[in-house]
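First the structure, in the form of structure tokens, and then the observations on it.
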Amino acid sequence: MEQSLTHEFKACKEDPNYFISKYIKVVHPVRGLVPFKLYGFQKKILTDLQAHRFNILRKFRQAGCTTIAAAYCLWFAIFNKHKSIVILSKGDAESTEVLDRIKIMYDELPEFLKPGIIEDNKHTLKLNTNSTIKSRPSGKQSGRSLAGSMLVIDEAAFIDNIDTIWAAVYPIISTGGRAFVLSTVNGVGNWYYDVYNKAVNKENSFNAI
């Protein structure tokens, strides 16, 4: 049994797709708590997150892209030590909701995949791996406060000062950190629109999804 669990732990560590497909549960608005069964495009997102340090995604509503980001952040925190993951949302309600999703995912894992919790509050979840997930609302954010091993920016097209935030944080994460920017479209001419289109045309360091 122990050898089998060790093998399973290793399989989860090596492949977030496997880990999420087999062990992550999410809350469905009608059916309640259900396994997170991935669609093909969701599997592609995970593959791209592994293959590229900087990713920018154009999502459509109810596609589960924020849930994919949440599950990937949990995988990253469980299977990597001393990492700092920061999730930036457009408001406090959104930032709290994302972290609540992650906490539900963690609670529903089998015990052999739970490293244990050091800190748990409204905006922070720190695991015994010494990896921390911080979920923050947008506002007057400094680059230092958002710097970490991985930065996730949800609904970036709806964050008014995202260009200033990115300019502050980029020099810090560019030396080794990762970034995942995702949003539905919100008109043209904003930072998200410009960065996504440049990524499509291979004019910046982002991989367009």
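Ordering of the structure tokens sets the chain letters (A, B, ...), residue numbers begin anew at 1 in every chain, and ligands are numbered from 1 in the order given.
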
Would you give me, as a tab-separated table, each residue of segment 104-183 of chain A having an atom within 10 Å of an atom of segment 37-49 of chain A, along with its shortest atom pair and that distance in Å to one decimal, using only C-alpha atoms and sorting by chain and residue number?
```
residue	atom	partner	partner_atom	distance
A:Arg178	CA	A:Leu49	CA	9.0
A:Ala179	CA	A:Leu49	CA	9.0
A:Phe180	CA	A:Leu49	CA	7.7
```

Name the residues in contact with segment 65-80 of chain A at a cut-off of 7 Å, using only C-alpha atoms, excluding same-chain residues fewer than 5 positions from it; report them as a CSV table (one decimal) with N, CA, C and O atoms, in the first residue's frame.
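As written to disk, part-v3.csv reads:
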```csv
chain,number,residue,atom,x,y,z
A,13,LYS,N,2.8,14.5,-8.9
A,13,LYS,CA,3.8,15.6,-8.9
A,13,LYS,C,4.3,15.8,-10.3
A,13,LYS,O,4.6,17.0,-10.6
A,16,PRO,N,0.4,17.8,-13.6
A,16,PRO,CA,-0.8,18.4,-13.0
A,16,PRO,C,-2.1,18.0,-13.7
A,16,PRO,O,-3.1,18.0,-13.0
A,20,ILE,N,-5.1,16.8,-11.3
A,20,ILE,CA,-6.4,17.5,-11.3
A,20,ILE,C,-7.5,16.6,-11.8
A,20,ILE,O,-8.6,16.6,-11.2
A,59,LYS,N,-10.3,34.0,-22.5
A,59,LYS,CA,-11.3,33.0,-22.1
A,59,LYS,C,-12.8,33.5,-22.5
A,59,LYS,O,-13.0,34.6,-22.7
A,85,ILE,N,2.9,32.0,-4.5
A,85,ILE,CA,2.0,32.1,-5.6
A,85,ILE,C,1.0,33.2,-5.2
A,85,ILE,O,0.4,33.2,-4.1
A,98,VAL,N,-11.8,33.0,-5.1
A,98,VAL,CA,-10.8,32.1,-5.7
A,98,VAL,C,-10.1,31.3,-4.7
A,98,VAL,O,-9.9,30.1,-4.8
A,102,ILE,N,-9.9,27.1,-3.9
A,102,ILE,CA,-8.6,26.3,-3.6
A,102,ILE,C,-8.7,25.5,-2.3
A,102,ILE,O,-8.3,24.4,-2.2
A,115,PRO,N,-0.2,18.1,2.4
A,115,PRO,CA,1.1,18.3,3.2
A,115,PRO,C,0.8,18.9,4.6
A,115,PRO,O,1.7,18.9,5.4
A,129,THR,N,4.7,22.6,3.0
A,129,THR,CA,5.8,22.7,2.0
A,129,THR,C,6.5,24.1,2.1
A,129,THR,O,7.4,24.3,1.3
A,131,SER,N,5.2,26.6,0.9
A,131,SER,CA,4.7,27.3,-0.2
A,131,SER,C,3.4,28.0,0.2
A,131,SER,O,2.5,27.4,0.9
A,132,THR,N,3.2,29.2,-0.3
A,132,THR,CA,2.1,30.1,0.1
A,132,THR,C,1.3,30.5,-1.1
A,132,THR,O,1.9,30.9,-2.1
```

> What are the DSSP alpha helix (DSSP H) residues of segment 17-203 of chain A, as a PyMOL selection string?
Replying inline: chain A and resi 17-23+40-51+65-79+92-107+143-146+162-173+191-200

>> Let me make sure I understand: among A:Phe60, A:Phe9, A:Tyr23, A:Tyr106, which one has the smallest atom-to-atom distance to Pro35 of chain A if we use only C-alpha atoms?
In response: A:Tyr23

> Please, what distance in Å, to one decimal, runs between atom CA of Val27 of chain A and atom CA of Ser135 of chain A?
Replying inline: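 Interatomic distance, atom CA of Val27 of chain A to atom CA of Ser135 of chain A: 19.1 Å.
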
>> Residues within 7 Å of Asn207 of chain A, please, as a ChimeraX atom specification. Count only C-alpha atoms; anything in the same chain fewer than 5 positions from it doesn't count.
In response: /A:52,54-56,199

>> Residues of segment 19-161 of chain A classed as strand (DSSP E) by DSSP on the backbone are to be reported as an MDAnalysis selection string.
In response: chainID A and resid 25:28 32:35 54:58 84:89 117:120 124:127 132:137 150:154

> Quick one, how far is atom CA of Val26 of chain A from atom CA of Ser138 of chain A?
Replying inline: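 Between atom CA of Val26 of chain A and atom CA of Ser138 of chain A the gap works out to 25.0 Å.
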
> A:Phe112, A:Leu182, A:Asn128, A:Tyr193: which is nearest Val152 of chain A, counting only C-alpha atoms?
Replying inline: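 Of all the options, A:Leu182 lies closest to Val152 of chain A.
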
> Between atom CA of Tyr192 of chain A and atom CA of Lys134 of chain A, what is the distance, to one decimal in Å?
Replying inline: 22.0 Å

> Out of A:Ala93, A:Ile173, A:Ala167, A:Met150, which residue has the shortest atom-to-atom distance to Pro137 of chain A when counting only C-alpha atoms?
Replying inline: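 Under the stated criterion, the closest residue is A:Ala93.
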
> Using only C-alpha atoms, which of A:Pro110, A:Pro171, A:Gly176, A:Gly189 sits nearest Leu5 of chain A?
Replying inline: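 The shortest atom-to-atom distance to Leu5 of chain A comes from A:Pro110.
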